$ cat model.txt   # compact mmCIF, C-alpha atoms (C1' of nucleotides)
# COMPACT_ATOMS: atom_id res chain seq x y z
CA MET A 87 -25.33 -45.85 183.17
CA LYS A 88 -28.56 -43.96 183.51
CA ASN A 89 -29.12 -40.61 181.95
CA LYS A 90 -28.91 -37.12 183.28
CA THR A 91 -32.61 -36.47 183.60
CA ASP A 92 -33.08 -39.54 185.76
CA ARG A 93 -30.10 -38.63 187.84
CA ILE A 94 -31.33 -35.10 188.46
CA LYS A 95 -34.74 -36.37 189.48
CA PHE A 96 -33.19 -38.92 191.77
CA ILE A 97 -30.96 -36.36 193.43
CA ARG A 98 -33.93 -34.16 194.15
CA GLN A 99 -35.84 -37.08 195.59
CA VAL A 100 -33.00 -38.17 197.82
CA CYS A 101 -32.56 -34.66 199.17
CA LEU A 102 -36.26 -34.39 199.87
CA GLU A 103 -36.45 -37.67 201.72
CA ASN A 104 -33.13 -37.93 203.50
CA ASN A 105 -30.90 -35.90 205.72
CA VAL A 106 -27.97 -35.52 203.43
CA SER A 107 -25.22 -33.42 204.93
CA SER A 108 -22.48 -33.50 202.34
CA GLN A 109 -21.91 -34.11 198.67
CA GLU A 110 -19.72 -37.09 199.49
CA GLU A 111 -22.58 -38.68 201.34
CA LEU A 112 -25.00 -37.99 198.53
CA LEU A 113 -22.48 -39.29 196.05
CA SER A 114 -22.29 -42.62 197.78
CA ILE A 115 -26.07 -42.94 197.82
CA LEU A 116 -26.08 -42.24 194.11
CA LYS A 117 -23.43 -44.83 193.46
CA ASP A 118 -25.37 -47.40 195.48
CA ASN A 119 -28.24 -46.77 193.12
CA GLY A 120 -26.31 -47.26 189.95
CA PHE A 121 -25.53 -43.67 189.13
CA ASN A 122 -21.91 -43.21 188.28
CA LEU A 123 -20.57 -39.71 188.56
CA THR A 124 -18.00 -37.58 190.34
CA GLN A 125 -18.27 -34.84 192.93
CA ALA A 126 -17.73 -32.25 190.22
CA THR A 127 -20.83 -33.31 188.36
CA LEU A 128 -22.84 -33.60 191.53
CA SER A 129 -21.89 -30.06 192.45
CA ARG A 130 -23.17 -28.92 189.08
CA ASP A 131 -26.38 -30.91 189.41
CA LEU A 132 -27.07 -29.37 192.78
CA LYS A 133 -26.52 -25.95 191.37
CA ARG A 134 -28.99 -26.64 188.58
CA LEU A 135 -31.51 -27.77 191.14
CA LYS A 136 -30.73 -24.82 193.43
CA ILE A 137 -30.23 -27.29 196.21
CA SER A 138 -27.92 -25.90 198.84
CA LYS A 139 -26.47 -26.83 202.17
CA THR A 140 -28.36 -25.10 204.91
CA LEU A 141 -28.45 -25.22 208.68
CA THR A 142 -31.31 -26.91 210.46
CA PRO A 143 -32.72 -25.39 213.65
CA GLN A 144 -30.63 -27.99 215.47
CA GLY A 145 -27.49 -26.60 213.91
CA LEU A 146 -26.87 -29.52 211.61
CA TYR A 147 -26.11 -29.26 207.95
CA ARG A 148 -28.58 -30.47 205.41
CA TYR A 149 -28.99 -30.21 201.66
CA VAL A 150 -32.44 -28.85 201.02
CA VAL A 151 -34.59 -28.50 197.95
CA PRO A 152 -36.00 -24.98 197.70
CA LEU A 153 -39.73 -24.57 198.21
CA SER A 154 -40.46 -23.97 194.61
CA THR A 155 -38.37 -24.93 191.69
CA PHE A 156 -38.98 -23.36 188.44
CA PRO A 157 -40.49 -25.18 185.52
CA VAL A 158 -38.57 -23.50 182.81
CA SER A 159 -38.48 -23.42 179.11
CA HIS A 160 -34.78 -23.55 178.68
CA THR A 161 -33.48 -23.72 175.20
CA PRO A 162 -30.02 -22.25 174.87
CA GLU A 163 -31.36 -19.44 172.74
CA VAL A 164 -33.90 -18.42 175.30
CA ARG A 165 -31.27 -18.35 177.98
CA LYS A 166 -29.01 -16.23 175.85
CA MET A 167 -31.69 -13.57 175.74
CA GLY A 168 -31.69 -13.10 179.48
CA VAL A 169 -34.79 -15.10 180.21
CA GLY A 170 -34.48 -16.84 183.53
CA SER A 171 -37.73 -18.69 183.97
CA LEU A 172 -41.28 -19.05 182.80
CA GLU A 173 -43.90 -19.94 185.33
CA PHE A 174 -47.66 -19.77 185.58
CA SER A 175 -49.82 -18.41 188.34
CA GLY A 176 -53.54 -18.52 187.86
CA HIS A 177 -54.30 -17.59 184.29
CA LEU A 178 -51.20 -15.42 184.02
CA ALA A 179 -47.74 -16.37 182.88
CA VAL A 180 -44.71 -14.69 184.39
CA ILE A 181 -41.26 -14.51 182.88
CA LYS A 182 -38.36 -13.56 185.11
CA THR A 183 -35.43 -12.03 183.27
CA LYS A 184 -32.05 -10.63 183.99
CA SER A 185 -32.35 -7.27 185.65
CA GLY A 186 -33.26 -4.60 183.11
CA TYR A 187 -34.17 -7.01 180.34
CA ALA A 188 -37.88 -7.29 180.98
CA GLY A 189 -38.94 -4.32 178.87
CA GLY A 190 -36.98 -5.40 175.84
CA ILE A 191 -38.12 -8.96 175.92
CA ALA A 192 -41.71 -7.93 176.55
CA SER A 193 -41.64 -5.80 173.47
CA GLU A 194 -40.41 -8.77 171.45
CA ILE A 195 -43.41 -10.68 172.69
CA ASP A 196 -45.82 -7.84 171.98
CA SER A 197 -44.55 -7.30 168.49
CA SER A 198 -44.90 -10.95 167.60
CA ALA A 199 -48.67 -10.55 167.65
CA ASN A 200 -49.06 -14.20 168.53
CA SER A 201 -52.69 -15.23 168.75
CA ALA A 202 -52.18 -16.94 172.09
CA ILE A 203 -50.92 -13.76 173.78
CA LEU A 204 -53.27 -10.94 174.58
CA GLY A 205 -50.68 -8.58 176.00
CA THR A 206 -47.85 -8.04 178.43
CA VAL A 207 -46.62 -5.60 181.01
CA ALA A 208 -43.06 -5.45 182.22
CA GLY A 209 -41.20 -4.33 185.32
CA ASP A 210 -37.46 -4.43 185.69
CA ASP A 211 -36.94 -8.17 185.71
CA THR A 212 -40.50 -9.43 185.49
CA ILE A 213 -42.90 -9.74 182.58
CA ILE A 214 -46.54 -10.50 183.21
CA ILE A 215 -48.15 -12.12 180.21
CA VAL A 216 -51.89 -12.21 179.81
CA PRO A 217 -52.87 -15.13 177.60
CA ARG A 218 -56.00 -15.12 175.46
CA GLU A 219 -58.85 -17.14 176.86
CA GLY A 220 -59.02 -20.68 175.61
CA PHE A 221 -55.29 -21.34 175.37
CA SER A 222 -53.67 -23.96 177.57
CA ARG A 223 -50.51 -23.45 179.56
CA GLU A 224 -48.76 -25.76 177.20
CA GLU A 225 -49.82 -23.73 174.21
CA ILE A 226 -48.69 -20.54 175.88
CA THR A 227 -45.36 -22.06 176.74
CA LYS A 228 -44.84 -23.19 173.18
CA ALA A 229 -45.85 -19.83 171.79
CA LEU A 230 -43.47 -17.95 174.07
CA THR A 231 -40.62 -20.30 173.42
CA LYS A 232 -41.11 -19.87 169.71
CA ILE A 233 -41.27 -16.09 169.92
CA LEU A 234 -38.12 -15.90 171.97
CA GLU A 235 -36.24 -18.27 169.74
CA GLU A 236 -37.25 -16.37 166.64
CA SER A 237 -36.31 -13.03 168.07
CA GLU A 238 -32.79 -14.34 168.40
CA HIS A 239 -32.31 -14.33 164.64
CA MET B 96 -13.30 -3.36 219.05
CA LYS B 97 -17.02 -3.80 219.36
CA ASN B 98 -18.53 -6.71 221.17
CA LYS B 99 -19.89 -9.97 219.97
CA THR B 100 -23.57 -9.12 220.27
CA ASP B 101 -23.19 -6.04 218.11
CA ARG B 102 -21.18 -7.96 215.59
CA ILE B 103 -23.79 -10.71 215.34
CA LYS B 104 -26.55 -8.18 214.84
CA PHE B 105 -24.55 -6.37 212.23
CA ILE B 106 -23.81 -9.53 210.30
CA ARG B 107 -27.46 -10.39 210.21
CA GLN B 108 -28.33 -6.92 209.01
CA VAL B 109 -25.75 -6.95 206.27
CA CYS B 110 -26.99 -10.29 205.01
CA LEU B 111 -30.55 -9.04 204.92
CA GLU B 112 -29.73 -5.90 203.02
CA ASN B 113 -26.96 -6.92 200.68
CA ASN B 114 -26.16 -9.60 198.22
CA VAL B 115 -23.25 -11.16 199.97
CA SER B 116 -21.85 -14.12 198.11
CA SER B 117 -18.89 -15.24 200.17
CA GLN B 118 -17.49 -15.00 203.65
CA GLU B 119 -14.49 -13.11 202.37
CA GLU B 120 -16.78 -10.46 200.96
CA LEU B 121 -18.74 -10.21 204.18
CA LEU B 122 -15.53 -10.08 206.13
CA SER B 123 -14.34 -7.05 204.26
CA ILE B 124 -17.65 -5.27 204.86
CA LEU B 125 -17.28 -6.03 208.55
CA LYS B 126 -13.75 -4.69 208.61
CA ASP B 127 -14.86 -1.52 206.85
CA ASN B 128 -17.30 -1.06 209.70
CA GLY B 129 -14.80 -1.45 212.47
CA PHE B 130 -15.34 -5.09 213.28
CA ASN B 131 -12.12 -6.95 213.48
CA LEU B 132 -12.32 -10.68 213.14
CA THR B 133 -11.15 -13.58 211.02
CA GLN B 134 -12.93 -15.89 208.66
CA ALA B 135 -12.95 -18.59 211.33
CA THR B 136 -15.00 -16.47 213.67
CA LEU B 137 -17.27 -15.33 210.90
CA SER B 138 -17.98 -18.91 209.95
CA ARG B 139 -18.96 -19.59 213.55
CA ASP B 140 -21.13 -16.49 213.70
CA LEU B 141 -22.97 -17.49 210.57
CA LYS B 142 -23.56 -20.92 211.98
CA ARG B 143 -25.04 -19.41 215.12
CA LEU B 144 -27.32 -17.28 212.98
CA LYS B 145 -28.18 -20.22 210.71
CA ILE B 146 -27.27 -18.05 207.79
CA SER B 147 -26.19 -20.13 204.85
CA LYS B 148 -25.10 -19.73 201.30
CA THR B 149 -27.95 -20.49 198.97
CA LEU B 150 -28.67 -20.21 195.29
CA THR B 151 -30.93 -17.50 193.99
CA PRO B 152 -33.35 -18.21 191.17
CA GLN B 153 -30.78 -16.56 188.92
CA GLY B 154 -28.19 -19.11 189.92
CA LEU B 155 -26.07 -16.77 191.99
CA TYR B 156 -24.85 -17.44 195.47
CA ARG B 157 -26.17 -15.44 198.34
CA TYR B 158 -25.98 -15.67 202.10
CA VAL B 159 -29.53 -15.59 203.38
CA VAL B 160 -31.10 -15.21 206.78
CA PRO B 161 -33.67 -17.95 207.25
CA LEU B 162 -37.33 -16.91 207.39
CA SER B 163 -37.91 -18.29 210.86
CA THR B 164 -35.40 -15.99 212.49
CA PHE B 165 -36.78 -12.86 210.91
CA PRO B 166 -37.96 -10.33 213.46
CA VAL B 167 -41.70 -9.91 213.49
CA SER B 168 -42.72 -6.38 214.15
CA HIS B 169 -45.55 -4.47 212.58
CA THR B 170 -46.74 -1.68 210.37
CA PRO B 171 -45.33 1.67 211.60
CA GLU B 172 -42.10 1.49 209.67
CA VAL B 173 -43.77 0.06 206.64
CA ARG B 174 -45.84 3.20 206.34
CA LYS B 175 -42.69 5.26 206.42
CA MET B 176 -41.60 3.61 203.22
CA GLY B 177 -44.51 4.98 201.32
CA VAL B 178 -46.64 1.88 201.32
CA GLY B 179 -50.27 2.85 201.54
CA SER B 180 -52.25 -0.33 201.31
CA LEU B 181 -52.16 -3.97 200.38
CA GLU B 182 -55.22 -5.57 198.89
CA PHE B 183 -56.01 -8.70 196.95
CA SER B 184 -57.97 -9.15 193.80
CA GLY B 185 -58.36 -12.64 192.50
CA HIS B 186 -55.01 -14.28 192.86
CA LEU B 187 -53.16 -11.01 192.50
CA ALA B 188 -52.02 -8.68 195.25
CA VAL B 189 -51.91 -4.94 194.72
CA ILE B 190 -49.94 -2.46 196.76
CA LYS B 191 -50.73 1.22 196.52
CA THR B 192 -47.87 3.55 197.36
CA LYS B 193 -47.10 7.21 197.52
CA SER B 194 -46.75 8.65 194.07
CA GLY B 195 -43.43 7.71 192.51
CA TYR B 196 -42.52 5.10 195.09
CA ALA B 197 -43.90 2.03 193.36
CA GLY B 198 -40.80 1.23 191.31
CA GLY B 199 -38.46 1.40 194.24
CA ILE B 200 -40.60 -0.66 196.55
CA ALA B 201 -41.26 -3.20 193.81
CA SER B 202 -37.57 -3.63 193.34
CA GLU B 203 -37.15 -4.32 197.05
CA ILE B 204 -39.73 -7.04 196.69
CA ASP B 205 -38.08 -8.48 193.61
CA SER B 206 -34.65 -8.54 195.13
CA SER B 207 -35.85 -10.36 198.20
CA ALA B 208 -36.28 -13.48 196.09
CA ASN B 209 -39.02 -14.61 198.43
CA SER B 210 -40.37 -18.00 197.48
CA ALA B 211 -43.96 -16.86 197.84
CA ILE B 212 -43.60 -14.10 195.27
CA LEU B 213 -43.33 -14.90 191.61
CA GLY B 214 -42.78 -11.37 190.40
CA THR B 215 -43.98 -7.79 190.33
CA VAL B 216 -44.55 -4.96 187.95
CA ALA B 217 -44.93 -1.38 188.97
CA GLY B 218 -46.51 1.78 187.69
CA ASP B 219 -46.20 5.12 189.45
CA ASP B 220 -48.15 4.41 192.62
CA THR B 221 -49.29 0.82 192.08
CA ILE B 222 -47.49 -2.48 192.32
CA ILE B 223 -49.03 -5.65 190.96
CA ILE B 224 -47.69 -8.69 192.72
CA VAL B 225 -48.09 -12.16 191.27
CA PRO B 226 -47.93 -14.77 194.02
CA ARG B 227 -46.74 -18.29 193.38
CA GLU B 228 -49.46 -20.85 193.16
CA GLY B 229 -50.08 -22.68 196.38
CA PHE B 230 -49.52 -19.75 198.71
CA SER B 231 -52.41 -18.33 200.70
CA ARG B 232 -53.27 -14.66 200.96
CA GLU B 233 -52.14 -14.78 204.52
CA GLU B 234 -48.77 -16.19 203.54
CA ILE B 235 -48.35 -13.57 200.86
CA THR B 236 -49.25 -10.82 203.29
CA LYS B 237 -46.74 -12.09 205.80
CA ALA B 238 -44.04 -12.38 203.17
CA LEU B 239 -44.61 -8.85 201.94
CA THR B 240 -44.72 -7.41 205.42
CA LYS B 241 -41.42 -9.02 206.22
CA ILE B 242 -39.78 -7.84 203.04
CA LEU B 243 -40.88 -4.29 203.61
CA GLU B 244 -39.83 -4.26 207.23
CA GLU B 245 -36.44 -5.61 206.38
CA SER B 246 -35.81 -3.11 203.67
CA GLU B 247 -36.59 -0.38 206.15
CA HIS B 248 -33.61 -1.17 208.34
C1' DC C 58 -7.24 -12.71 245.06
C1' DT C 59 -6.66 -17.26 243.35
C1' DT C 60 -8.53 -21.28 241.02
C1' DC C 61 -11.33 -23.62 238.10
C1' DA C 62 -14.45 -23.69 234.40
C1' DT C 63 -16.21 -21.79 230.16
C1' DA C 64 -16.36 -18.97 226.18
C1' DA C 65 -14.13 -16.51 222.48
C1' DT C 66 -10.86 -16.18 219.17
C1' DG C 67 -7.00 -16.56 215.54
C1' DA C 68 -3.73 -19.26 213.01
C1' DA C 69 -3.26 -23.12 210.71
C1' DT C 70 -5.31 -26.81 208.59
C1' DA C 71 -8.70 -30.01 207.13
C1' DA C 72 -12.67 -30.70 204.72
C1' DA C 73 -15.95 -29.54 201.50
C1' DT C 74 -17.39 -27.47 197.37
C1' DA C 75 -16.92 -24.87 192.90
C1' DT C 76 -14.64 -24.18 188.70
C1' DT C 77 -11.27 -24.66 184.90
C1' DC C 78 -9.67 -27.22 181.24
C1' DG C 79 -9.69 -30.54 177.89
C1' DA C 80 -11.86 -34.51 175.85
C1' DT C 81 -16.10 -36.46 174.26
C1' DT C 82 -20.79 -36.73 173.12
C1' DT C 83 -25.07 -34.77 171.77
C1' DT C 84 -27.81 -31.50 169.43
C1' DT C 85 -28.76 -28.17 165.95
C1' DC C 86 -28.47 -26.26 161.48
C1' DT C 87 -27.78 -26.42 156.71
C1' DA D 212 -25.04 -36.57 156.15
C1' DG D 213 -21.59 -33.35 157.82
C1' DA D 214 -20.22 -29.11 160.00
C1' DA D 215 -20.78 -26.16 163.79
C1' DA D 216 -22.41 -25.16 168.29
C1' DA D 217 -23.48 -26.55 172.69
C1' DA D 218 -23.72 -29.64 176.50
C1' DT D 219 -21.72 -33.05 179.43
C1' DC D 220 -18.38 -34.71 182.25
C1' DG D 221 -14.02 -36.25 184.86
C1' DA D 222 -9.55 -35.03 186.59
C1' DA D 223 -7.18 -31.75 188.59
C1' DT D 224 -7.23 -27.63 190.89
C1' DA D 225 -8.78 -23.41 193.04
C1' DT D 226 -11.64 -21.59 196.19
C1' DT D 227 -14.35 -21.52 200.06
C1' DT D 228 -15.83 -22.92 204.46
C1' DA D 229 -15.54 -25.66 208.87
C1' DT D 230 -12.89 -27.32 212.51
C1' DT D 231 -8.87 -28.27 215.42
C1' DC D 232 -5.68 -26.75 218.51
C1' DA D 233 -3.61 -23.56 221.45
C1' DT D 234 -4.10 -19.17 223.73
C1' DT D 235 -6.28 -15.51 226.00
C1' DA D 236 -10.16 -13.38 228.08
C1' DT D 237 -14.39 -13.70 231.27
C1' DG D 238 -16.69 -15.03 235.18
C1' DA D 239 -18.22 -17.72 239.15
C1' DA D 240 -17.02 -19.82 243.71
C1' DG D 241 -14.27 -20.40 247.35
$ encode --input "model.txt" --output "structure tokens"
Amino acid sequence: MKNKTDRIKFIRQVCLENNVSSQEELLSILKDNGFNLTQATLSRDLKRLKISKTLTPQGLYRYVVPLSTFPVSHTPEVRKMGVGSLEFSGHLAVIKTKSGYAGGIASEIDSSANSAILGTVAGDDTIIIVPREGFSREEITKALTKILEESEH
Amino acid sequence: MKNKTDRIKFIRQVCLENNVSSQEELLSILKDNGFNLTQATLSRDLKRLKISKTLTPQGLYRYVVPLSTFPVSHTPEVRKMGVGSLEFSGHLAVIKTKSGYAGGIASEIDSSANSAILGTVAGDDTIIIVPREGFSREEITKALTKILEESEH
DNA sequence: CTTCATAATGAATAAATATTCGATTTTTCT
DNA sequence: AGAAAAATCGAATATTTATTCATTATGAAG
């Protein structure tokens, strides 16, 4: 049996390329391709992927992948803190948090004085992070992940 | 009992303005507002409206009105809300508002969970909006206009 | 005013989907 | 390595949503 990561990728691909109208249908496609799982797991996978059953203009049901899925740094610790997602736009990084958490988490980031982070501003559930010049997205991601994990302890 | 057309309009409005996460919940809102119907009829109404239960970036369920059926009207109401101007700088959008309004309007934008908008932060009369990569200024403008119109009524 | 067709609806039910629970595996921490 | 924490997953179940079936309302044509 193949692993979860492959399965998740495959599910996304199938939903992008086919008109899938129920989990049962998707399940049988998965089984045909060597993935062995139950409807319960599929339901959970779809939830992770934020894929949901929507209505087409023709009034038919279809499972659709949302326009933008969120590349997320998702260690359990980070999630515990209320961090929902980390995504880049231009040279800025944006963290979405649980409502009301942005200020607190931003101040954790500020106080870490990490050399990759120039500064942050926070709204209610959004933190905008301004990286220092010369740092890659990967470096920023690592730095933020580390800060958030450390602040847990 | 009110008629079908009114009911359909009302359902659409409720779904635009509230976080409705199940038909039962919506049903009780409808009953509170004098609409008497059963879940069966509601299910059919939602299908007519192409409103479906989707997952928010936070992983919660919400009934959402699809973009394509949003009404397209223009600026007068938007002004009422205290929005002064929308202008771009680099890949960021900035909205200037009446003094004190920025936080409230920003939270409308955040709660819309529009796929074109990554997040916002607000001061007193200024909202900085970070668009998702891959969206044009025109798309961002349209998205924001829609969000603000919807929140008006 | 009937008659026929169509739409609207609720009750009951079917179908589809989400979650709980317990068992197992994997990961993390020391 | 070994303990503790967390993730994964299936079976069963709960919950939610769609549809069927029967009934009543609505409306058009004779």
$ residues_around --input "model.txt" --residues "segment 223-231 of chain D" --least-positions-apart "3" --cutoff "8 Å" --atoms "only C-alpha atoms (C1' of nucleotides)" --output "list in words"
Ser117, Ala135 and Ser138 of chain B; DT70, DA71, DA72, DA73, DT74, DA75, DT76 and DT77 of chain C
$ atom_distance --input "model.txt" --atom1 "atom CA of Asn200 of chain A" --atom2 "atom CA of Ala229 of chain A"
7.3 Å
$ residues_around --input "model.txt" --residues "segment 122-129 of chain B" --least-positions-apart "3" --cutoff "12 Å" --atoms "all atoms listed in the file" --output "count of residues only"
29
$ closest_residue --input "model.txt" --among "A:Asn122, A:Ser171, A:Ser201, A:Thr227" --to "chain B" --atoms "only C-alpha atoms"
A:Ser171
$ atom_distance --input "model.txt" --atom1 "atom CA of Ser202 of chain B" --atom2 "atom CA of Ile226 of chain A"
26.7 Å
$ atom_distance --input "model.txt" --atom1 "atom CA of Glu233 of chain B" --atom2 "atom CA of Ile190 of chain B"
14.7 Å
$ residues_around --input "model.txt" --residues "DT63 of chain C" --least-positions-apart "6" --cutoff "12 Å" --atoms "all atoms listed in the file" --output "list in words"
DA236, DT237, DG238 and DA239 of chain D
$ closest_atom_pairs --input "model.txt" --of "chain D" --to "chain A" --cutoff "9 Å" --atoms "all atoms listed in the file" --output "tab-separated table"
residue	atom	partner	partner_atom	distance
D:DA217	C1'	A:Pro162	CA	8.1
D:DT219	C1'	A:Thr127	CA	9.0
D:DC220	C1'	A:Thr127	CA	6.7
D:DG221	C1'	A:Thr124	CA	6.9
$ closest_residue --input "model.txt" --among "B:Lys142, B:Glu234, B:Val160, B:Gly199" --to "chain A" --atoms "only C-alpha atoms"
B:Lys142
$ axis_aligned_box --input "model.txt" --around "segment 67-82 of chain C" --padding-each-side "8 Å" --output "JSON"
{"center_x": -12.0, "center_y": -26.6, "center_z": 194.3, "size_x": 33.5, "size_y": 36.2, "size_z": 58.4}
$ interface_residues --input "model.txt" --of "chain C" --to "chain B" --cutoff "10 Å" --atoms "only C-alpha atoms (C1' of nucleotides)" --output "PyMOL selection string"
chain C and resi 65-68
$ write_last_selection --input "model.txt" --atoms "C-alpha atoms (C1' of nucleotides)" --output "PDB file, in the coordinates of the input"
ATOM      1  C1'  DA C  65     -14.130 -16.510 222.480  1.00  0.00           C
ATOM      2  C1'  DT C  66     -10.860 -16.180 219.170  1.00  0.00           C
ATOM      3  C1'  DG C  67      -7.000 -16.560 215.540  1.00  0.00           C
ATOM      4  C1'  DA C  68      -3.730 -19.260 213.010  1.00  0.00           C
TER       5       DA C  68
END
$ interface_residues --input "model.txt" --of "chain B" --to "chain A" --cutoff "9 Å" --atoms "all atoms listed in the file" --output "number ranges by chain"
B: 142-143, 145-154, 185-187, 198, 201-202, 205, 210-211, 213-218, 225-228
